[in-house]
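**Student:** Before I ask anything, let me first share the structure, which is written out below as structure tokens.
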Amino acid sequence: MLQARKNRLWKFFIILFMSAGGILLILFSLNSKLDLFFTPSEMLKADIKPGYRIKLGGMVKSGSIIRDGTKIKFIATDFVKEVPVIFDGIPPDLFKEDSGVVVLGYFLDGMFEAEEIFAKHDENYMPPELSIEAAEI
Amino acid sequence: MIGEISHFLSLSAVVILSLILIFNFFFFFGKIHPNQLSLSIRLFNQACWLVFISFAMYVYLAINDDFSIAYIASHSNSQLPIFYKISSIWSAHEGSMFLWTVFLTAWSIFFINSLDDSHFLKKTTLLMVSLIILGFLLFLLLTSNPFERVLPFGAIEGADINPVLQDPALAIHPPMLYLGYVGFVISFSYITAYLFHGNFELEWEKDIKNWSLVAWIFLTIGIALGSWWAYYELGWGGYWFWDPVENVALMPWLAATAFMHSLYASSKSSVLKTWTMFLGILIFALSLFGAFIVRSGIIDSVHSFANDPQRGLYLLIFSGLITLLALGVFAYRIPSLNASKFVVSGSKESFLSMNNILMVTSIFSIFLGVTYPLIIEAINGEKVSIGPPYYNTIFTPLVLITAIFIMASVDSLWQRSKPIKSYVYKTFFPVILSILFTYFVWHITETFSILSYIGIFSGSLILFTYLLRVLNNFFYKKFINKGSAVAHIGLGLLFLAVSLNSILSYEKNLNLAPGESIFVNESIKEFSFDDIKVLKASNHDVISVEVSLLQDGKNIFLNPQKRKYATRGQITTESSIYTSILKDTYLTIGDQLENGSWTFALKINYFIKWIWFSASLMVMGMLITIFKKIAT
């Protein structure tokens with residue numbers, strides 16, 4: 001084989017190796033940094049390890065919001081199963097009873113501890129899974 | 001009636017643009033007719049003017065409250081000031097798409113007419129932009145028609161603009177952003193035309209350079225304004241959320257930044273030509289991808305418009321075809337393009353290309369972050385989302401490597417390498433100063449986060465490198481590229497501000513009754529809830545709270561509000577911000593509890609204003625570069 005060609009082959013392998021390494025690193029980072037999304041029924045069915053951060057999407061059950069100082073407790077429901085949620089802080093403006101909510105946090109001993117509450121900038125928002133289920137009911 | 005005329009003018013533009021494409025297509029096979037180009041240009045200009053006039057009429061309709069038009073009826077209101085009546089046009093999908101198309105047309109008409117009639121690429125570029133404008137006009141008219149009427153009886157009153165959008169920064173943010181997004185249609189069409197043409201002896205960089213720089217400025221301002229608005233208006237106190245829609249704006253920005261750097265290298269020493277062309281195509285392709293992500297509703301995000309699979313499909317097919325066309329020609333021409341010179345390692349070009357690679361890596365990582373949830377959902381139906389931790393871990397090492405290469409490139413030479421020893425000498429002071437600064441931050445904060453400290457080190461590395469250069473320039477009259485220095489000082493400050501913000505900022509949730517006052521921490525010795533009032537404003541009720549703080553020995557008064565809008569029943573939070581050089585004191589009110597007390601969120605955001613200051617430095621650096629170029 002010609003020397004020039006050999007060199008080119010080497011370069012090719014080095015680039016291939018490095019980009020494969022880079023992609024692997026990115027994928028590794030992705031896997032440990034992503035948040036799985038559940039509805040209450042899915043979450044109760046799935047076996048979630050404590051300390052594993054997840055997203056829970058549901059509707060705020062009517063009459064379930066209890067405020068205690070800066071803490072807020074409410075029940076997230078998908079009209080099948082219910083999960084009590086606790087949050088310390090101020091929820092977004094669109095957080096209210098009977099409307100959609102997505103919380104990010106940890107599920108521990110039957111209680112969801114939320115780090116963050118998301119609500120959409122649309123008063124009629126419902127998580128897509130729920131709108132399908134709600135239509136069925 | 002005016003609505004119909006406006007609609008009709010847009011339709012006529014579609015017809016004319018199609019005519020241009022059709023008759024040029026037929027001429028393609030026959031002999032070239034002498035008047036072919038001048039006729040195309042004339043028709044093209046007319047089509048563009050039709051679009052402008054149509055939009056002007058639409059603005060007129062919005063100002064005059066024509067609520068028989070469905071879009072205006074559901075997004076405007078007769079009580080709004082004129083400014084917001086106009087900005088309500090781009091407050092939702094249909095109107096903002098209209099604005100997008102108008103800007104696309106505006107860039108195109110300016111660019112095409114700036115080219116000489118004898119310019120070898122004028123015709124092909126014209127056909128490319130006609131095709132793209134036509135595609136977007138058809139998208140507008142077929143899937144998201146802003147002219148639709150409510151017949152036989154129109155609404156008496158409009159449903160009002162979303163109150164969080166009723167804000168000067170947000171009225172300007174979309175136009176700026178769109179001007180940036182679609183501005184790269186010029187580099188895209190021109191490069192594609194150049195590749196079609198196939199004579200690679202001819203120069204191409206200088207025709208599109210300034211256009212791309214101006215588009216970059218708009219894009220930067222657009223992104224910065226959006227982030228600033230989110231900070232003070234949404235009441236979350238953050239400036240960047242790695243939301244999919246923010247990400248799809250960041251990708252073209254990174255590509256555009258890489259493009260400008262490699263354009264600089266390729267016009268200085270004719271290296272990296274192929275690569276620069278690829279980037280020029282990539283920017284607009286990423287803008288199109290962004291439009292698809294935002295407007296198809298495929299990803300849940302605060303920005304996404306209503307779900308409509310039909311729109312998503314159209315955009316996907318259209319942008320796919322356009323991108324495929326450009327990349328196809330590119331791939332076809334690669335063998336004949338390879339003639340450009342090699343990059344000498346250790347030269348300025350080599351560092352520029354390294355940073356280019358890093359920017360493309362970041363684009364790829366963001367792209368993966370945006371699409372990964374879609375891929376996972378398609379494969380096994382699991383729903384996942386990717387948040388800030390992913391981006392922080394990916395970006396921090398990239399930022400560090402970028403900083404090191406920027407530092408090295410400042411003193412390097414075009415086309416030549418320099419002995420390693422001279423680098424050691426030049427980089428000694430910035431490195432030492434950055435280490436000292438990082439240690440200093442650690443010493444006073446005593447909190448540790450590896451990612452933030454890497455960010456602080458990288459930021460100060462860039463900052464000190466350039467500051468030393470500025471001093472050198474000042475005292476020894478050594479040469480300095482002023483635009484580049486200002487922009488890179490901006491970048492260094494940005495890294496610093498973001499990292500310092502992430503380790504120093506904190507947040508306290510408080511619960512107080514009116515008249516009560518409490519101790520928060522050593523810095524805020526007293527937080528008193530002085531008064532609460534309920535007021536009436538033109539279209540909303542206000543709960544206005546007066547709070548006074550004794551912060552660092554100074555008395556501060558804050559006045560956060562909660563508003564309830566009459567027409568939509570929507571509640572918004574108005575934050576109250578006190579800014580000092582180092583930090584913002586940011587206060588929002590929450591809810592009233594049963595015992596009559598209220599909740600407050602108090603956020604102390606360090607260095608947050610510096611983030612936008614550094615963005616404006618980057619814009620300023622770019623302006624200096626442009627004016628210097630025009631002057632010489």
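As shown in the structure tokens, the chain order sets the letters A, B, ...; within each chain, residues go from 1, and ligands are also counted from 1 in the order they appear.
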Chain A residues within 7 Å of chain B, counting only C-alpha atoms: which ones, as a list of chain:residue names?
**Tutor:** A:Ser29, A:Leu30, A:Lys33, A:Leu34, A:Asp35, A:Leu36, A:Phe37, A:Arg67, A:Gly69, A:Thr70, A:Gly89, A:Ile90, A:Asp93, A:Lys120, A:His121
**Student:** Would you return as a PDB file with N, CA and C atoms, in the first residue's frame the members of chain A that DSSP assigns to strand (DSSP E) on this structure's backbone?
**Tutor:**
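The result, stored in selection29.pdb:
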```pdb
ATOM      1  N   LEU A  34     -31.746  12.446  31.766  1.00  0.00           N
ATOM      2  CA  LEU A  34     -33.086  12.716  31.257  1.00  0.00           C
ATOM      3  C   LEU A  34     -34.155  12.350  32.275  1.00  0.00           C
ATOM      4  N   ASP A  35     -35.264  13.027  32.161  1.00  0.00           N
ATOM      5  CA  ASP A  35     -36.358  12.809  33.096  1.00  0.00           C
ATOM      6  C   ASP A  35     -37.476  12.067  32.390  1.00  0.00           C
ATOM      7  N   LEU A  36     -37.846  10.926  32.955  1.00  0.00           N
ATOM      8  CA  LEU A  36     -38.950  10.177  32.359  1.00  0.00           C
ATOM      9  C   LEU A  36     -40.273  10.812  32.751  1.00  0.00           C
ATOM     10  N   PHE A  37     -41.211  10.747  31.836  1.00  0.00           N
ATOM     11  CA  PHE A  37     -42.508  11.364  32.068  1.00  0.00           C
ATOM     12  C   PHE A  37     -43.549  10.284  32.361  1.00  0.00           C
ATOM     13  N   PHE A  38     -44.309  10.471  33.445  1.00  0.00           N
ATOM     14  CA  PHE A  38     -45.331   9.487  33.801  1.00  0.00           C
ATOM     15  C   PHE A  38     -46.669  10.161  34.070  1.00  0.00           C
ATOM     16  N   ILE A  54     -38.093  12.279  38.244  1.00  0.00           N
ATOM     17  CA  ILE A  54     -39.029  12.037  37.135  1.00  0.00           C
ATOM     18  C   ILE A  54     -39.969  13.216  36.973  1.00  0.00           C
ATOM     19  N   LYS A  55     -40.700  13.178  35.876  1.00  0.00           N
ATOM     20  CA  LYS A  55     -41.745  14.175  35.642  1.00  0.00           C
ATOM     21  C   LYS A  55     -43.085  13.478  35.753  1.00  0.00           C
ATOM     22  N   LEU A  56     -44.009  14.140  36.436  1.00  0.00           N
ATOM     23  CA  LEU A  56     -45.338  13.578  36.597  1.00  0.00           C
ATOM     24  C   LEU A  56     -46.330  14.569  36.019  1.00  0.00           C
ATOM     25  N   GLY A  57     -47.195  14.081  35.157  1.00  0.00           N
ATOM     26  CA  GLY A  57     -48.165  14.984  34.549  1.00  0.00           C
ATOM     27  C   GLY A  57     -49.570  14.532  34.860  1.00  0.00           C
ATOM     28  N   GLY A  58     -50.419  15.456  35.249  1.00  0.00           N
ATOM     29  CA  GLY A  58     -51.796  15.084  35.542  1.00  0.00           C
ATOM     30  C   GLY A  58     -52.651  16.316  35.665  1.00  0.00           C
ATOM     31  N   MET A  59     -53.841  16.114  36.238  1.00  0.00           N
ATOM     32  CA  MET A  59     -54.720  17.240  36.507  1.00  0.00           C
ATOM     33  C   MET A  59     -54.708  17.478  38.015  1.00  0.00           C
ATOM     34  N   VAL A  60     -54.877  18.745  38.403  1.00  0.00           N
ATOM     35  CA  VAL A  60     -54.975  19.044  39.825  1.00  0.00           C
ATOM     36  C   VAL A  60     -56.406  18.723  40.249  1.00  0.00           C
ATOM     37  N   ILE A  66     -54.048  22.354  49.351  1.00  0.00           N
ATOM     38  CA  ILE A  66     -53.941  22.819  50.736  1.00  0.00           C
ATOM     39  C   ILE A  66     -52.670  23.639  50.850  1.00  0.00           C
ATOM     40  N   ARG A  67     -52.796  24.860  51.375  1.00  0.00           N
ATOM     41  CA  ARG A  67     -51.607  25.699  51.537  1.00  0.00           C
ATOM     42  C   ARG A  67     -51.237  25.754  52.996  1.00  0.00           C
ATOM     43  N   ASP A  68     -49.941  25.651  53.239  1.00  0.00           N
ATOM     44  CA  ASP A  68     -49.468  25.711  54.614  1.00  0.00           C
ATOM     45  C   ASP A  68     -48.176  26.510  54.592  1.00  0.00           C
ATOM     46  N   LYS A  71     -45.636  26.168  51.748  1.00  0.00           N
ATOM     47  CA  LYS A  71     -45.779  24.821  51.180  1.00  0.00           C
ATOM     48  C   LYS A  71     -47.158  24.642  50.563  1.00  0.00           C
ATOM     49  N   ILE A  72     -47.197  23.858  49.498  1.00  0.00           N
ATOM     50  CA  ILE A  72     -48.477  23.567  48.854  1.00  0.00           C
ATOM     51  C   ILE A  72     -48.611  22.066  48.710  1.00  0.00           C
ATOM     52  N   LYS A  73     -49.770  21.554  49.116  1.00  0.00           N
ATOM     53  CA  LYS A  73     -50.035  20.136  48.881  1.00  0.00           C
ATOM     54  C   LYS A  73     -51.235  20.042  47.950  1.00  0.00           C
ATOM     55  N   PHE A  74     -51.177  19.135  47.021  1.00  0.00           N
ATOM     56  CA  PHE A  74     -52.345  18.905  46.170  1.00  0.00           C
ATOM     57  C   PHE A  74     -52.302  17.481  45.649  1.00  0.00           C
ATOM     58  N   ILE A  75     -53.370  17.082  44.990  1.00  0.00           N
ATOM     59  CA  ILE A  75     -53.415  15.728  44.450  1.00  0.00           C
ATOM     60  C   ILE A  75     -53.411  15.792  42.932  1.00  0.00           C
ATOM     61  N   ALA A  76     -52.461  15.096  42.317  1.00  0.00           N
ATOM     62  CA  ALA A  76     -52.423  15.004  40.864  1.00  0.00           C
ATOM     63  C   ALA A  76     -53.155  13.727  40.474  1.00  0.00           C
ATOM     64  N   THR A  77     -54.055  13.855  39.509  1.00  0.00           N
ATOM     65  CA  THR A  77     -54.853  12.695  39.147  1.00  0.00           C
ATOM     66  C   THR A  77     -54.914  12.539  37.631  1.00  0.00           C
ATOM     67  N   GLU A  82     -54.467   8.445  41.844  1.00  0.00           N
ATOM     68  CA  GLU A  82     -54.138   9.751  42.389  1.00  0.00           C
ATOM     69  C   GLU A  82     -52.797   9.717  43.101  1.00  0.00           C
ATOM     70  N   VAL A  83     -52.067  10.814  43.006  1.00  0.00           N
ATOM     71  CA  VAL A  83     -50.789  10.901  43.702  1.00  0.00           C
ATOM     72  C   VAL A  83     -50.741  12.219  44.465  1.00  0.00           C
ATOM     73  N   PRO A  84     -50.495  12.179  45.777  1.00  0.00           N
ATOM     74  CA  PRO A  84     -50.336  13.430  46.504  1.00  0.00           C
ATOM     75  C   PRO A  84     -48.982  14.071  46.194  1.00  0.00           C
ATOM     76  N   VAL A  85     -48.995  15.380  46.014  1.00  0.00           N
ATOM     77  CA  VAL A  85     -47.781  16.098  45.661  1.00  0.00           C
ATOM     78  C   VAL A  85     -47.536  17.186  46.698  1.00  0.00           C
ATOM     79  N   ILE A  86     -46.277  17.363  47.059  1.00  0.00           N
ATOM     80  CA  ILE A  86     -45.946  18.463  47.964  1.00  0.00           C
ATOM     81  C   ILE A  86     -44.886  19.327  47.298  1.00  0.00           C
ATOM     82  N   PHE A  87     -45.050  20.646  47.452  1.00  0.00           N
ATOM     83  CA  PHE A  87     -44.149  21.587  46.793  1.00  0.00           C
ATOM     84  C   PHE A  87     -43.906  22.767  47.707  1.00  0.00           C
ATOM     85  N   ASP A  88     -42.655  23.188  47.813  1.00  0.00           N
ATOM     86  CA  ASP A  88     -42.350  24.360  48.622  1.00  0.00           C
ATOM     87  C   ASP A  88     -41.982  25.506  47.681  1.00  0.00           C
ATOM     88  N   GLY A 100     -54.367  21.305  34.012  1.00  0.00           N
ATOM     89  CA  GLY A 100     -53.208  20.430  33.833  1.00  0.00           C
ATOM     90  C   GLY A 100     -51.996  20.929  34.582  1.00  0.00           C
ATOM     91  N   VAL A 101     -51.193  19.986  35.030  1.00  0.00           N
ATOM     92  CA  VAL A 101     -49.975  20.362  35.728  1.00  0.00           C
ATOM     93  C   VAL A 101     -48.902  19.316  35.431  1.00  0.00           C
ATOM     94  N   VAL A 102     -47.665  19.775  35.353  1.00  0.00           N
ATOM     95  CA  VAL A 102     -46.539  18.864  35.220  1.00  0.00           C
ATOM     96  C   VAL A 102     -45.563  19.209  36.340  1.00  0.00           C
ATOM     97  N   VAL A 103     -45.191  18.201  37.119  1.00  0.00           N
ATOM     98  CA  VAL A 103     -44.246  18.468  38.200  1.00  0.00           C
ATOM     99  C   VAL A 103     -42.991  17.638  37.997  1.00  0.00           C
ATOM    100  N   LEU A 104     -41.876  18.208  38.409  1.00  0.00           N
ATOM    101  CA  LEU A 104     -40.597  17.524  38.305  1.00  0.00           C
ATOM    102  C   LEU A 104     -40.100  17.289  39.720  1.00  0.00           C
ATOM    103  N   GLY A 105     -39.745  16.052  40.037  1.00  0.00           N
ATOM    104  CA  GLY A 105     -39.266  15.798  41.390  1.00  0.00           C
ATOM    105  C   GLY A 105     -39.084  14.317  41.668  1.00  0.00           C
ATOM    106  N   TYR A 106     -39.225  13.958  42.925  1.00  0.00           N
ATOM    107  CA  TYR A 106     -38.923  12.596  43.365  1.00  0.00           C
ATOM    108  C   TYR A 106     -40.144  11.962  44.015  1.00  0.00           C
ATOM    109  N   PHE A 107     -40.333  10.665  43.790  1.00  0.00           N
ATOM    110  CA  PHE A 107     -41.437   9.943  44.393  1.00  0.00           C
ATOM    111  C   PHE A 107     -40.899   9.134  45.564  1.00  0.00           C
ATOM    112  N   LEU A 108     -41.391   9.461  46.776  1.00  0.00           N
ATOM    113  CA  LEU A 108     -40.863   8.831  47.987  1.00  0.00           C
ATOM    114  C   LEU A 108     -42.017   8.431  48.892  1.00  0.00           C
ATOM    115  N   MET A 111     -45.487   9.747  48.341  1.00  0.00           N
ATOM    116  CA  MET A 111     -45.645  11.195  48.248  1.00  0.00           C
ATOM    117  C   MET A 111     -44.681  11.715  47.193  1.00  0.00           C
ATOM    118  N   PHE A 112     -45.186  12.584  46.325  1.00  0.00           N
ATOM    119  CA  PHE A 112     -44.314  13.135  45.291  1.00  0.00           C
ATOM    120  C   PHE A 112     -43.770  14.480  45.754  1.00  0.00           C
ATOM    121  N   GLU A 113     -42.475  14.558  45.910  1.00  0.00           N
ATOM    122  CA  GLU A 113     -41.871  15.831  46.305  1.00  0.00           C
ATOM    123  C   GLU A 113     -41.419  16.579  45.070  1.00  0.00           C
ATOM    124  N   ALA A 114     -42.098  17.687  44.812  1.00  0.00           N
ATOM    125  CA  ALA A 114     -41.826  18.421  43.574  1.00  0.00           C
ATOM    126  C   ALA A 114     -40.750  19.469  43.798  1.00  0.00           C
ATOM    127  N   GLU A 115     -39.829  19.513  42.842  1.00  0.00           N
ATOM    128  CA  GLU A 115     -38.822  20.576  42.859  1.00  0.00           C
ATOM    129  C   GLU A 115     -39.325  21.758  42.055  1.00  0.00           C
ATOM    130  N   GLU A 116     -40.137  21.439  41.075  1.00  0.00           N
ATOM    131  CA  GLU A 116     -40.569  22.470  40.155  1.00  0.00           C
ATOM    132  C   GLU A 116     -41.962  22.135  39.636  1.00  0.00           C
ATOM    133  N   ILE A 117     -42.765  23.167  39.459  1.00  0.00           N
ATOM    134  CA  ILE A 117     -44.087  22.964  38.862  1.00  0.00           C
ATOM    135  C   ILE A 117     -44.118  23.700  37.531  1.00  0.00           C
ATOM    136  N   PHE A 118     -44.541  23.008  36.501  1.00  0.00           N
ATOM    137  CA  PHE A 118     -44.679  23.663  35.205  1.00  0.00           C
ATOM    138  C   PHE A 118     -46.156  23.778  34.891  1.00  0.00           C
TER     139      PHE A 118
END
```
**Student:** Please identify the helix (DSSP H, G or I) residues within segment 29-111 of chain A (assignment by DSSP from backbone atoms) and present them as a PyMOL selection string.
**Tutor:** chain A and resi 29-33+40-45
**Student:** Export C-alpha atoms of the chosen residues as a PDB file, in the first residue's frame?
**Tutor:**
```pdb
ATOM      1  CA  SER A  29     -24.706  12.012  29.477  1.00  0.00           C
ATOM      2  CA  LEU A  30     -28.168  11.868  27.955  1.00  0.00           C
ATOM      3  CA  ASN A  31     -29.089   8.684  29.735  1.00  0.00           C
ATOM      4  CA  SER A  32     -28.248   9.877  33.198  1.00  0.00           C
ATOM      5  CA  LYS A  33     -29.678  13.330  32.682  1.00  0.00           C
ATOM      6  CA  PRO A  40     -50.113   8.903  37.970  1.00  0.00           C
ATOM      7  CA  SER A  41     -51.269   5.393  36.923  1.00  0.00           C
ATOM      8  CA  GLU A  42     -48.062   4.733  35.030  1.00  0.00           C
ATOM      9  CA  MET A  43     -45.970   5.972  37.905  1.00  0.00           C
ATOM     10  CA  LEU A  44     -47.694   3.812  40.493  1.00  0.00           C
ATOM     11  CA  LYS A  45     -47.366   0.806  38.223  1.00  0.00           C
TER      12      LYS A  45
END
```
**Student:** With distances taken over only C-alpha atoms, which residue among B:Leu99, B:Ala169, B:Ile112, B:Ala291 lies nearest Asp207 of chain B?
**Tutor:**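 Ranked by minimum distance to Asp207 of chain B, first place goes to B:Ile112.
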**Student:** Using only C-alpha atoms, find the one residue out of A:Asp78, A:Ala46, A:Leu25, A:Asp98 that sits nearest to Lys61 of chain A.
**Tutor:**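 Closest to Lys61 of chain A, using only C-alpha atoms: A:Asp98.
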**Student:** For Tyr190 of chain B, find every residue with an atom within 9 Å (counting only C-alpha atoms), except residues of its own chain fewer than 2 positions away, and show them as a PyMOL selection string.
**Tutor:** chain B and resi 121-122+124-126+128-129+185-188+192-195+204+207-208
**Student:** Hey, can you spit out that residue selection with C-alpha atoms as a PDB file, in the first residue's frame?
**Tutor:**
```pdb
ATOM      1  CA  LEU B 121     -25.272  34.446  -9.744  1.00  0.00           C
ATOM      2  CA  LYS B 122     -28.134  36.920  -9.898  1.00  0.00           C
ATOM      3  CA  THR B 124     -29.978  31.506  -9.871  1.00  0.00           C
ATOM      4  CA  THR B 125     -30.124  33.282  -6.503  1.00  0.00           C
ATOM      5  CA  LEU B 126     -33.341  34.948  -7.577  1.00  0.00           C
ATOM      6  CA  MET B 128     -33.769  30.105  -5.140  1.00  0.00           C
ATOM      7  CA  VAL B 129     -35.298  32.887  -3.044  1.00  0.00           C
ATOM      8  CA  VAL B 185     -31.817  32.873   3.466  1.00  0.00           C
ATOM      9  CA  ILE B 186     -29.286  35.072   1.634  1.00  0.00           C
ATOM     10  CA  SER B 187     -26.214  32.990   2.398  1.00  0.00           C
ATOM     11  CA  PHE B 188     -28.262  29.862   1.806  1.00  0.00           C
ATOM     12  CA  THR B 192     -26.580  27.118  -3.428  1.00  0.00           C
ATOM     13  CA  ALA B 193     -26.598  29.273  -6.555  1.00  0.00           C
ATOM     14  CA  TYR B 194     -22.794  29.352  -6.521  1.00  0.00           C
ATOM     15  CA  LEU B 195     -22.672  25.578  -6.280  1.00  0.00           C
ATOM     16  CA  TRP B 204     -18.239  34.538  -3.408  1.00  0.00           C
ATOM     17  CA  ASP B 207     -21.142  39.512  -1.521  1.00  0.00           C
ATOM     18  CA  ILE B 208     -22.816  37.896   1.452  1.00  0.00           C
TER      19      ILE B 208
END
```
**Student:** At a cut-off of 12 Å, using only C-alpha atoms, what residues contact Asn555 of chain B? Leave out same-chain residues fewer than 2 positions from it and give the result as a list in words.
**Tutor:**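 Returned residues: Ser523, Ile524, Lys525, Glu526, Phe527, Ser528, Val547, Ser548, Leu549, Leu550, Gln551, Asp552, Gly553, Phe557, Leu558 and Tyr578 of chain B.
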**Student:** List as a VMD selection string the protein and nucleic acid residues near Val545 of chain B, meaning an atom at most 10 Å away when only C-alpha atoms are counted, but skip any in the same chain fewer than 5 places from it.
**Tutor:** chain B and resid 514 529 to 534 558 to 562 576 588 to 589
**Student:** Could those residues be written to a file, using C-alpha atoms, as an mmCIF file, in the first residue's frame?
**Tutor:**
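Below is the file that was written, part08.cif:
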```
data_model
loop_
_atom_site.group_PDB
_atom_site.id
_atom_site.type_symbol
_atom_site.label_atom_id
_atom_site.label_comp_id
_atom_site.auth_asym_id
_atom_site.auth_seq_id
_atom_site.Cartn_x
_atom_site.Cartn_y
_atom_site.Cartn_z
ATOM 1 C CA PRO B 514 -49.647 42.625 55.984
ATOM 2 C CA PHE B 529 -44.840 43.771 54.155
ATOM 3 C CA ASP B 530 -46.024 47.378 54.324
ATOM 4 C CA ASP B 531 -49.233 47.544 52.424
ATOM 5 C CA ILE B 532 -51.586 45.820 50.015
ATOM 6 C CA LYS B 533 -54.000 47.561 47.678
ATOM 7 C CA VAL B 534 -56.557 46.469 45.150
ATOM 8 C CA LEU B 558 -40.401 46.893 45.951
ATOM 9 C CA ASN B 559 -43.821 46.834 44.409
ATOM 10 C CA PRO B 560 -44.745 43.434 42.985
ATOM 11 C CA GLN B 561 -48.222 42.941 41.558
ATOM 12 C CA LYS B 562 -50.690 40.352 40.543
ATOM 13 C CA SER B 576 -40.539 43.821 41.038
ATOM 14 C CA THR B 588 -42.946 38.131 43.210
ATOM 15 C CA ILE B 589 -46.131 37.560 45.183
#
```
**Student:** Give me the residues near segment 258-275 of chain B as a PyMOL selection string, where near means some atom within 8 Å (using only C-alpha atoms) and where sequence neighbours in that chain fewer than 3 positions away do not count.
**Tutor:** chain B and resi 205-206+209+212-213+254-255+278-280+334+337-338+340-343+349+352-353+355-356+359-360+414-415
**Student:** Keeping only C-alpha atoms, write the selected residues to a file as a CSV table (one decimal), in the first residue's frame.
**Tutor:**
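Once written, out23.csv looks like this:
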```csv
chain,number,residue,atom,x,y,z
B,205,GLU,CA,-17.5,35.6,0.2
B,206,LYS,CA,-17.6,39.3,0.0
B,209,LYS,CA,-20.5,38.8,4.3
B,212,SER,CA,-24.8,37.6,7.3
B,213,LEU,CA,-23.2,39.8,9.9
B,254,LEU,CA,-24.1,28.8,16.9
B,255,ALA,CA,-24.0,27.9,13.3
B,278,PHE,CA,-21.6,24.0,4.3
B,279,LEU,CA,-22.1,26.2,7.4
B,280,GLY,CA,-23.8,28.8,5.2
B,334,ILE,CA,-17.5,18.5,-3.4
B,337,LEU,CA,-14.3,22.1,-4.5
B,338,ASN,CA,-11.5,20.3,-2.8
B,340,SER,CA,-8.6,24.8,-1.5
B,341,LYS,CA,-5.4,25.1,0.5
B,342,PHE,CA,-4.6,23.0,3.6
B,343,VAL,CA,-4.6,24.5,7.0
B,349,GLU,CA,-6.9,29.2,10.7
B,352,LEU,CA,-10.5,29.0,14.1
B,353,SER,CA,-11.3,25.6,12.6
B,355,ASN,CA,-13.5,26.4,17.5
B,356,ASN,CA,-15.7,25.7,14.5
B,359,MET,CA,-19.5,24.9,17.8
B,360,VAL,CA,-20.7,22.2,15.4
B,414,TRP,CA,-2.3,33.6,9.5
B,415,GLN,CA,-1.0,30.6,7.6
```
**Student:** Please indicate the distance in Å from atom CA of Ser227 of chain B to atom CA of Tyr239 of chain B, rounded to one decimal place.
**Tutor:**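 Calculated distance between atom CA of Ser227 of chain B and atom CA of Tyr239 of chain B is 5.1 Å.
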